[in-house]
$ cat structure-v4.pdb   # PDB, C-alpha atoms
ATOM      1  CA  MET A   1     -58.589 -73.813 -50.299
ATOM      2  CA  GLY A   2     -57.812 -77.492 -50.525
ATOM      3  CA  ASN A   3     -57.141 -79.946 -47.735
ATOM      4  CA  ARG A   4     -53.413 -79.861 -48.414
ATOM      5  CA  GLU A   5     -53.306 -76.127 -48.116
ATOM      6  CA  LEU A   6     -55.246 -76.292 -44.841
ATOM      7  CA  GLU A   7     -52.840 -78.879 -43.514
ATOM      8  CA  CYS A   8     -49.833 -76.664 -44.454
ATOM      9  CA  SER A   9     -51.443 -73.688 -42.746
ATOM     10  CA  ASP A  10     -52.084 -75.718 -39.613
ATOM     11  CA  ASP A  11     -48.489 -76.947 -39.644
ATOM     12  CA  ARG A  12     -47.189 -73.382 -39.895
ATOM     13  CA  GLU A  13     -49.392 -72.278 -37.008
ATOM     14  CA  ALA A  14     -48.295 -75.261 -34.954
ATOM     15  CA  ARG A  15     -44.625 -74.532 -35.639
ATOM     16  CA  TYR A  16     -45.199 -70.863 -34.846
ATOM     17  CA  ARG A  17     -46.875 -71.724 -31.556
ATOM     18  CA  GLN A  18     -44.070 -74.168 -30.749
ATOM     19  CA  ARG A  19     -41.405 -71.565 -31.546
ATOM     20  CA  SER A  20     -43.309 -68.983 -29.513
ATOM     21  CA  GLN A  21     -43.621 -71.343 -26.578
ATOM     22  CA  THR A  22     -39.944 -72.279 -26.875
ATOM     23  CA  ASN A  23     -38.938 -68.614 -27.007
ATOM     24  CA  GLN A  24     -41.126 -67.793 -24.020
ATOM     25  CA  ARG A  25     -39.682 -70.734 -22.111
ATOM     26  CA  ARG A  26     -36.150 -69.643 -22.928
ATOM     27  CA  TYR A  27     -37.026 -66.056 -21.956
ATOM     28  CA  ARG A  28     -38.437 -67.218 -18.627
ATOM     29  CA  GLN A  29     -35.368 -69.385 -18.076
ATOM     30  CA  ARG A  30     -33.014 -66.467 -18.849
ATOM     31  CA  LYS A  31     -35.087 -64.166 -16.635
ATOM     32  CA  LYS A  32     -34.999 -66.693 -13.807
ATOM     33  CA  ALA A  33     -31.259 -67.185 -14.231
ATOM     34  CA  ALA A  34     -30.718 -63.410 -14.261
ATOM     35  CA  TRP A  35     -32.854 -63.040 -11.141
ATOM     36  CA  ILE A  36     -30.931 -65.798  -9.353
ATOM     37  CA  ALA A  37     -27.641 -64.173 -10.372
ATOM     38  CA  LEU A  38     -28.882 -60.779  -9.206
ATOM     39  CA  GLU A  39     -29.976 -62.220  -5.857
ATOM     40  CA  ALA A  40     -26.573 -63.859  -5.469
ATOM     41  CA  GLU A  41     -24.839 -60.578  -6.346
ATOM     42  CA  VAL A  42     -26.986 -58.615  -3.883
ATOM     43  CA  ALA A  43     -26.295 -61.205  -1.185
ATOM     44  CA  ALA A  44     -22.544 -60.974  -1.906
ATOM     45  CA  LEU A  45     -22.673 -57.172  -1.765
ATOM     46  CA  TYR A  46     -24.614 -57.349   1.488
ATOM     47  CA  ARG A  47     -21.983 -59.661   2.987
ATOM     48  CA  ALA A  48     -19.181 -57.414   1.721
ATOM     49  CA  ASN A  49     -20.921 -54.373   3.195
ATOM     50  CA  GLU A  50     -21.357 -56.120   6.533
ATOM     51  CA  LYS A  51     -17.679 -57.033   6.500
ATOM     52  CA  LEU A  52     -16.690 -53.448   5.740
ATOM     53  CA  GLN A  53     -18.998 -52.131   8.454
ATOM     54  CA  GLU A  54     -17.469 -54.545  10.939
ATOM     55  CA  GLU A  55     -13.977 -53.453   9.894
ATOM     56  CA  LEU A  56     -15.015 -49.815  10.334
ATOM     57  CA  ARG A  57     -16.441 -50.567  13.784
ATOM     58  CA  THR A  58     -13.247 -52.389  14.722
ATOM     59  CA  MET A  59     -11.146 -49.506  13.383
ATOM     60  CA  ALA A  60     -13.263 -46.967  15.261
ATOM     61  CA  LEU A  61     -12.867 -48.936  18.476
ATOM     62  CA  ARG A  62      -9.142 -49.159  17.854
ATOM     63  CA  VAL A  63      -8.902 -45.393  17.284
ATOM     64  CA  CYS A  64     -10.983 -44.631  20.388
ATOM     65  CA  SER A  65      -8.870 -47.062  22.387
ATOM     66  CA  HIS A  66      -5.722 -45.344  21.108
ATOM     67  CA  ALA A  67      -7.147 -41.916  21.992
ATOM     68  CA  THR A  68      -8.074 -42.905  25.542
ATOM     69  CA  GLY A  69      -4.754 -44.731  25.907
ATOM     70  CA  VAL A  70      -2.793 -41.642  24.886
ATOM     71  CA  THR A  71      -4.809 -39.505  27.285
ATOM     72  CA  HIS A  72      -4.480 -41.901  30.207
ATOM     73  CA  GLU A  73      -0.729 -42.223  29.638
ATOM     74  CA  TYR A  74      -0.422 -38.425  29.798
ATOM     75  CA  TYR A  75      -1.800 -38.364  33.335
ATOM     76  CA  THR A  76       0.253 -41.371  34.358
ATOM     77  CA  LEU A  77       3.557 -39.939  33.131
ATOM     78  CA  PHE A  78       2.970 -36.468  34.574
ATOM     79  CA  LYS A  79       1.368 -37.487  37.864
ATOM     80  CA  HIS A  80       4.278 -35.871  39.727
ATOM     81  CA  GLY A  81       5.208 -33.241  37.149
ATOM     82  CA  LEU A  82       8.647 -33.381  35.543
ATOM     83  CA  ASN A  83      10.988 -35.831  37.209
ATOM     84  CA  GLY A  84      14.729 -35.475  36.668
ATOM     85  CA  GLY A  85      15.975 -38.421  34.600
ATOM     86  CA  PRO A  86      12.516 -39.561  33.457
ATOM     87  CA  CYS A  87      12.046 -36.055  32.017
ATOM     88  CA  LYS A  88      13.618 -37.337  28.776
ATOM     89  CA  VAL A  89      11.055 -40.136  28.674
ATOM     90  CA  GLN A  90       8.261 -37.649  29.323
ATOM     91  CA  ALA A  91       9.475 -35.308  26.576
ATOM     92  CA  GLY A  92       9.862 -38.251  24.202
ATOM     93  CA  TYR A  93       6.287 -39.295  24.927
ATOM     94  CA  LEU A  94       4.983 -35.808  24.097
ATOM     95  CA  HIS A  95       6.900 -35.742  20.816
ATOM     96  CA  SER A  96       5.519 -39.171  19.902
ATOM     97  CA  VAL A  97       1.834 -38.398  20.550
ATOM     98  CA  MET A  98       1.494 -34.618  20.101
ATOM     99  CA  SER A  99       1.204 -32.870  16.740
ATOM    100  CA  PRO A 100       4.117 -30.508  15.934
ATOM    101  CA  THR A 101       1.485 -27.849  15.181
ATOM    102  CA  LEU A 102      -0.215 -28.219  18.572
ATOM    103  CA  VAL A 103      -1.101 -24.945  20.316
ATOM    104  CA  PHE A 104      -1.406 -25.063  24.112
ATOM    105  CA  LEU A 105      -3.002 -22.379  26.313
ATOM    106  CA  GLY A 106      -3.385 -20.167  23.265
ATOM    107  CA  ASP A 107       0.347 -19.365  23.137
ATOM    108  CA  THR A 108       1.372 -19.308  19.468
ATOM    109  CA  SER A 109       4.869 -17.968  20.193
ATOM    110  CA  VAL A 110       6.110 -21.499  20.939
ATOM    111  CA  ASP A 111       5.014 -24.950  19.858
ATOM    112  CA  GLY A 112       2.550 -26.766  22.112
ATOM    113  CA  ILE A 113       5.005 -29.426  23.282
ATOM    114  CA  THR A 114       7.489 -26.787  24.453
ATOM    115  CA  LYS A 115       4.656 -24.934  26.206
ATOM    116  CA  ILE A 116       3.494 -28.059  28.048
ATOM    117  CA  LEU A 117       7.032 -28.870  29.205
ATOM    118  CA  GLU A 118       7.576 -25.248  30.276
ATOM    119  CA  GLN A 119       4.435 -25.212  32.405
ATOM    120  CA  LEU A 120       5.216 -28.589  33.965
ATOM    121  CA  HIS A 121       8.733 -27.395  34.763
ATOM    122  CA  LEU A 122       7.436 -24.231  36.442
ATOM    123  CA  TYR A 123       4.850 -26.057  38.515
ATOM    124  CA  THR A 124       7.305 -28.751  39.567
ATOM    125  CA  ALA A 125       9.989 -26.213  40.480
ATOM    126  CA  LEU A 126       7.805 -23.682  42.281
ATOM    127  CA  PHE A 127       5.754 -26.003  44.487
ATOM    128  CA  ASP A 128       6.987 -28.383  47.151
ATOM    129  CA  ALA A 129       4.704 -31.159  45.904
ATOM    130  CA  PHE A 130       2.849 -31.813  42.640
ATOM    131  CA  GLN A 131       0.109 -34.461  42.409
ATOM    132  CA  LEU A 132      -2.029 -34.799  39.268
ATOM    133  CA  HIS A 133      -5.080 -37.064  39.639
ATOM    134  CA  LEU A 134      -7.276 -38.212  36.751
ATOM    135  CA  ASP A 135     -10.833 -38.466  38.124
ATOM    136  CA  HIS A 136     -12.846 -39.062  34.955
ATOM    137  CA  MET A 137     -12.282 -39.692  31.264
ATOM    138  CA  GLU A 138     -14.771 -40.147  28.432
ATOM    139  CA  THR A 139     -14.976 -39.906  24.651
ATOM    140  CA  VAL A 140     -17.349 -37.027  23.948
ATOM    141  CA  TYR A 141     -17.007 -36.754  20.163
ATOM    142  CA  ASP A 142     -16.189 -39.235  17.414
ATOM    143  CA  SER A 143     -16.291 -38.278  13.719
ATOM    144  CA  ASP A 144     -14.636 -39.493  10.541
ATOM    145  CA  ASP A 145     -11.722 -37.122  11.185
ATOM    146  CA  GLU A 146     -11.156 -36.922  14.931
ATOM    147  CA  VAL A 147     -11.888 -38.170  18.417
ATOM    148  CA  VAL A 148     -12.265 -35.860  21.417
ATOM    149  CA  VAL A 149     -11.541 -37.202  24.899
ATOM    150  CA  LYS A 150     -12.698 -35.142  27.876
ATOM    151  CA  THR A 151     -10.996 -35.438  31.249
ATOM    152  CA  LEU A 152     -11.725 -34.163  34.733
ATOM    153  CA  ALA A 153      -8.637 -33.915  36.907
ATOM    154  CA  ARG A 154      -7.362 -32.529  40.196
ATOM    155  CA  LEU A 155      -3.955 -30.908  40.610
ATOM    156  CA  GLU A 156      -2.798 -30.819  44.226
ATOM    157  CA  LEU A 157       0.009 -28.353  44.911
ATOM    158  CA  ARG A 158       1.796 -27.863  48.231
ATOM    159  CA  LEU A 159       2.739 -24.231  48.746
ATOM    160  CA  SER A 160       6.285 -23.115  49.421
ATOM    161  CA  ARG A 161       7.598 -19.635  50.065
ATOM    162  CA  LEU A 162       8.684 -19.465  46.414
ATOM    163  CA  SER A 163       5.267 -20.464  45.092
ATOM    164  CA  ILE A 164       3.571 -18.000  47.450
ATOM    165  CA  ALA A 165       5.822 -15.227  46.133
ATOM    166  CA  THR A 166       4.835 -16.271  42.611
ATOM    167  CA  ILE A 167       1.087 -16.449  43.190
ATOM    168  CA  TYR A 168       0.661 -13.834  45.950
ATOM    169  CA  PRO A 169       3.562 -11.400  45.378
ATOM    170  CA  THR A 170       1.872  -8.606  47.335
ATOM    171  CA  LEU A 171       1.958 -10.701  50.544
ATOM    172  CA  ILE A 172       5.741 -10.924  50.642
ATOM    173  CA  GLY A 173       7.076  -8.235  52.953
ATOM    174  CA  THR A 174       3.597  -7.001  53.890
ATOM    175  CA  ASN A 175       1.877  -9.938  55.612
ATOM    176  CA  GLU A 176       4.494 -12.379  56.890
ATOM    177  CA  GLU A 177       2.041 -13.955  59.312
ATOM    178  CA  LEU A 178      -0.252 -15.036  56.468
ATOM    179  CA  VAL A 179       2.726 -16.196  54.410
ATOM    180  CA  GLN A 180       3.779 -18.514  57.246
ATOM    181  CA  GLN A 181       0.221 -19.831  57.540
ATOM    182  CA  LEU A 182       0.146 -20.615  53.822
ATOM    183  CA  ILE A 183       3.480 -22.451  53.676
ATOM    184  CA  GLY A 184       2.738 -26.191  53.540
ATOM    185  CA  ARG A 185      -0.934 -25.687  52.644
ATOM    186  CA  THR A 186      -2.344 -27.562  49.651
ATOM    187  CA  MET A 187      -3.984 -25.740  46.774
ATOM    188  CA  GLU A 188      -6.235 -27.957  44.662
ATOM    189  CA  LEU A 189      -7.029 -26.956  41.089
ATOM    190  CA  ARG A 190      -9.950 -28.540  39.227
ATOM    191  CA  ILE A 191      -9.046 -28.964  35.568
ATOM    192  CA  ILE A 192     -11.245 -29.813  32.575
ATOM    193  CA  SER A 193      -9.304 -30.803  29.467
ATOM    194  CA  HIS A 194     -10.205 -31.855  25.931
ATOM    195  CA  PHE A 195      -7.737 -33.937  23.931
ATOM    196  CA  THR A 196      -8.525 -33.855  20.201
ATOM    197  CA  ILE A 197      -6.833 -36.754  18.399
ATOM    198  CA  GLY A 198      -6.763 -36.773  14.591
ATOM    199  CA  LYS A 199      -7.717 -40.120  13.068
ATOM    200  CA  GLY A 200      -5.396 -39.559  10.122
ATOM    201  CA  THR A 201      -2.331 -38.837  12.266
ATOM    202  CA  GLY A 202      -3.177 -40.575  15.527
ATOM    203  CA  LYS A 203      -1.719 -37.543  17.301
ATOM    204  CA  VAL A 204      -3.139 -34.920  19.660
ATOM    205  CA  GLU A 205      -3.948 -32.010  17.360
ATOM    206  CA  ARG A 206      -5.530 -29.759  20.003
ATOM    207  CA  LEU A 207      -5.379 -29.679  23.794
ATOM    208  CA  SER A 208      -7.620 -27.224  25.627
ATOM    209  CA  THR A 209      -7.808 -26.781  29.390
ATOM    210  CA  GLU A 210     -10.029 -24.918  31.816
ATOM    211  CA  ALA A 211      -9.016 -24.443  35.444
ATOM    212  CA  SER A 212     -10.475 -22.537  38.393
ATOM    213  CA  ALA A 213      -7.008 -21.236  39.257
ATOM    214  CA  SER A 214      -7.704 -17.659  40.317
ATOM    215  CA  LEU A 215     -10.841 -18.555  42.271
ATOM    216  CA  THR A 216      -9.043 -21.367  44.086
ATOM    217  CA  ALA A 217      -6.115 -19.091  44.931
ATOM    218  CA  VAL A 218      -8.443 -16.446  46.373
ATOM    219  CA  GLU A 219     -10.512 -18.947  48.383
ATOM    220  CA  LEU A 220      -7.356 -20.370  49.930
ATOM    221  CA  LEU A 221      -6.551 -16.989  51.522
ATOM    222  CA  GLN A 222      -9.918 -16.713  53.301
ATOM    223  CA  LEU A 223      -9.607 -12.940  53.192
ATOM    224  CA  GLU A 224     -12.405 -10.442  52.602
ATOM    225  CA  ASN A 225     -10.430  -8.786  49.813
ATOM    226  CA  GLY A 226      -8.359 -11.747  48.699
ATOM    227  CA  VAL A 227      -8.473 -10.727  45.048
ATOM    228  CA  SER A 228      -6.064  -7.860  45.754
ATOM    229  CA  ALA A 229      -3.409 -10.405  46.770
ATOM    230  CA  LEU A 230      -3.380 -11.658  43.169
ATOM    231  CA  GLU A 231      -2.325  -8.291  41.755
ATOM    232  CA  THR A 232       0.789  -8.846  39.600
ATOM    233  CA  SER A 233       0.356 -12.600  40.201
ATOM    234  CA  ALA A 234       2.075 -14.969  37.770
ATOM    235  CA  LEU A 235      -0.932 -17.315  37.958
ATOM    236  CA  ARG A 236      -3.545 -16.804  35.254
ATOM    237  CA  SER A 237      -7.201 -17.809  35.566
ATOM    238  CA  ASN A 238      -6.694 -20.758  33.188
ATOM    239  CA  GLY A 239      -3.880 -22.113  35.349
ATOM    240  CA  GLU A 240      -1.004 -20.832  33.236
ATOM    241  CA  LEU A 241       2.052 -19.602  35.086
ATOM    242  CA  VAL A 242       3.670 -16.546  33.467
ATOM    243  CA  VAL A 243       6.968 -15.783  35.161
ATOM    244  CA  PRO A 244       8.866 -12.526  34.487
ATOM    245  CA  TRP A 245      11.380 -14.010  32.059
ATOM    246  CA  ARG A 246       8.506 -15.202  29.809
ATOM    247  CA  SER A 247       6.498 -11.956  29.996
ATOM    248  CA  GLN A 248       9.360  -9.634  29.051
TER
END

$ encode --input "structure-v4.pdb" --output "structure tokens"
Amino acid sequence: MGNRELECSDDREARYRQRSQTNQRRYRQRKKAAWIALEAEVAALYRANEKLQEELRTMALRVCSHATGVTHEYYTLFKHGLNGGPCKVQAGYLHSVMSPTLVFLGDTSVDGITKILEQLHLYTALFDAFQLHLDHMETVYDSDDEVVVKTLARLELRLSRLSIATIYPTLIGTNEELVQQLIGRTMELRIISHFTIGKGTGKVERLSTEASASLTAVELLQLENGVSALETSALRSNGELVVPWRSQ
């Protein structure tokens, strides 16, 4: 092989090395650019995710605030039961915050709003005084679909002859002395309620209550066999009042 051929071979190798180095440099540059772009994209996604998470937290707080607000307003509006003129405002409030499919006290024969108004009407009409106190309220469950607010409340009821006849019908005509002692006394019911508010509707979908009604009514008598006085009573253990015209 002559010198010229050697020189040509060296030139080809040099050009090959140069092209290889250039290609490698371009590859590294493209890789670096792709990495920088990827980092920027990840950072943008991270910021977008943080923004969405913050919006979700804000929305959750707003929903919880709405749920507790609805619950608190319930106790405020019905602190004294149903009140004449304001009754329209109270009914309007229930229709605005309660689901039309709400079931109250397990009675499926009427819608929940009608049932609530019926019970409030009975309690307000039968007792000389009606005082509903909200003692405690807390959010006990929060999911993607609903929020559950638990409340502890006291219902103070001043007995009248009519309410005594409703709760203790066996006393009327058989123990007038005890009836007179009971008139004006206050019966205090402890009530635990759970308001389930749907996040999609913003309305109360379920309302459950537990009350120590029968036990409280018996303890108020201070009789050895006080349970017998509740025979044929219109007061149920959960606090529901079932008067004759509703039980027929």

$ atom_distance --input "structure-v4.pdb" --atom1 "CA of Thr151 (chain A)" --atom2 "CA of Thr76 (chain A)"
13.1 Å

$ atom_distance --input "structure-v4.pdb" --atom1 "CA of Ser193 (chain A)" --atom2 "CA of Glu73 (chain A)"
14.3 Å

$ residues_around --input "structure-v4.pdb" --residues "Val70 (chain A)" --least-positions-apart "3" --cutoff "12 Å" --atoms "all atoms listed in the file" --output "list of chain:residue names"
A:Val63, A:Cys64, A:Ser65, A:His66, A:Ala67, A:Glu73, A:Tyr74, A:Tyr75, A:Thr76, A:Leu77, A:Tyr93, A:Leu94, A:Ser96, A:Val97, A:Met98, A:Met137, A:Val147, A:Val148, A:Val149, A:Phe195, A:Thr196, A:Ile197, A:Gly202, A:Lys203, A:Val204

$ atom_distance --input "structure-v4.pdb" --atom1 "CA of Arg161 (chain A)" --atom2 "CA of His133 (chain A)"
23.9 Å

$ closest_residue --input "structure-v4.pdb" --among "A:Leu241, A:Ile191, A:Ala91, A:Leu126" --to "Ile113 (chain A)" --atoms "only C-alpha atoms"
A:Ala91

$ axis_aligned_box --input "structure-v4.pdb" --around "region 80-98 of chain A" --padding-each-side "3 Å" --output "lines of an AutoDock Vina configuration file"
center_x = 8.7
center_y = -36.7
center_z = 29.8
size_x = 20.5
size_y = 12.9
size_z = 25.8

$ closest_atom_pairs --input "structure-v4.pdb" --of "region 94-206 of chain A" --to "region 225-233 of chain A" --cutoff "12 Å" --atoms "all atoms listed in the file" --output "JSON lines"
{"residue": "A:Ser163", "atom": "CA", "partner": "A:Ser233", "partner_atom": "CA", "distance": 10.5}
{"residue": "A:Ile164", "atom": "CA", "partner": "A:Ser233", "partner_atom": "CA", "distance": 9.6}
{"residue": "A:Ala165", "atom": "CA", "partner": "A:Ser233", "partner_atom": "CA", "distance": 8.5}
{"residue": "A:Thr166", "atom": "CA", "partner": "A:Ser233", "partner_atom": "CA", "distance": 6.3}
{"residue": "A:Ile167", "atom": "CA", "partner": "A:Ser233", "partner_atom": "CA", "distance": 4.9}
{"residue": "A:Tyr168", "atom": "CA", "partner": "A:Leu230", "partner_atom": "CA", "distance": 5.4}
{"residue": "A:Pro169", "atom": "CA", "partner": "A:Ser233", "partner_atom": "CA", "distance": 6.2}
{"residue": "A:Thr170", "atom": "CA", "partner": "A:Ala229", "partner_atom": "CA", "distance": 5.6}
{"residue": "A:Leu171", "atom": "CA", "partner": "A:Ala229", "partner_atom": "CA", "distance": 6.6}
{"residue": "A:Ile172", "atom": "CA", "partner": "A:Ala229", "partner_atom": "CA", "distance": 9.9}
{"residue": "A:Thr174", "atom": "CA", "partner": "A:Ala229", "partner_atom": "CA", "distance": 10.6}
{"residue": "A:Asn175", "atom": "CA", "partner": "A:Ala229", "partner_atom": "CA", "distance": 10.3}
{"residue": "A:Leu178", "atom": "CA", "partner": "A:Ala229", "partner_atom": "CA", "distance": 11.2}
{"residue": "A:Val179", "atom": "CA", "partner": "A:Ala229", "partner_atom": "CA", "distance": 11.4}

$ closest_residue --input "structure-v4.pdb" --among "A:Ser109, A:Phe130, A:His194, A:Glu177" --to "Arg206 (chain A)" --atoms "all atoms listed in the file"
A:His194

$ residues_around --input "structure-v4.pdb" --residues "Gly239 (chain A)" --least-positions-apart "2" --cutoff "9 Å" --atoms "all atoms listed in the file" --output "short mmCIF file (atom, residue, chain, number, x, y, z; two decimals) with C-alpha atoms, keeping the file's coordinate frame"
data_model
loop_
_atom_site.label_atom_id
_atom_site.label_comp_id
_atom_site.auth_asym_id
_atom_site.auth_seq_id
_atom_site.Cartn_x
_atom_site.Cartn_y
_atom_site.Cartn_z
CA LEU A 189 -7.03 -26.96 41.09
CA ILE A 191 -9.05 -28.96 35.57
CA THR A 209 -7.81 -26.78 29.39
CA GLU A 210 -10.03 -24.92 31.82
CA ALA A 211 -9.02 -24.44 35.44
CA SER A 212 -10.48 -22.54 38.39
CA ALA A 213 -7.01 -21.24 39.26
CA SER A 214 -7.70 -17.66 40.32
CA LEU A 235 -0.93 -17.32 37.96
CA ARG A 236 -3.54 -16.80 35.25
CA SER A 237 -7.20 -17.81 35.57
CA LEU A 241 2.05 -19.60 35.09
#

$ residues_near_point --input "structure-v4.pdb" --point "(-10.9, -28.3, 41.6)" --cutoff "6 Å" --atoms "all atoms listed in the file" --output "PyMOL selection string"
chain A and resi 154+188-190

$ write_last_selection --input "structure-v4.pdb" --atoms "C-alpha atoms" --output "PDB file, keeping the file's coordinate frame"
ATOM      1  CA  ARG A 154      -7.362 -32.529  40.196  1.00  0.00           C
ATOM      2  CA  GLU A 188      -6.235 -27.957  44.662  1.00  0.00           C
ATOM      3  CA  LEU A 189      -7.029 -26.956  41.089  1.00  0.00           C
ATOM      4  CA  ARG A 190      -9.950 -28.540  39.227  1.00  0.00           C
TER       5      ARG A 190
END
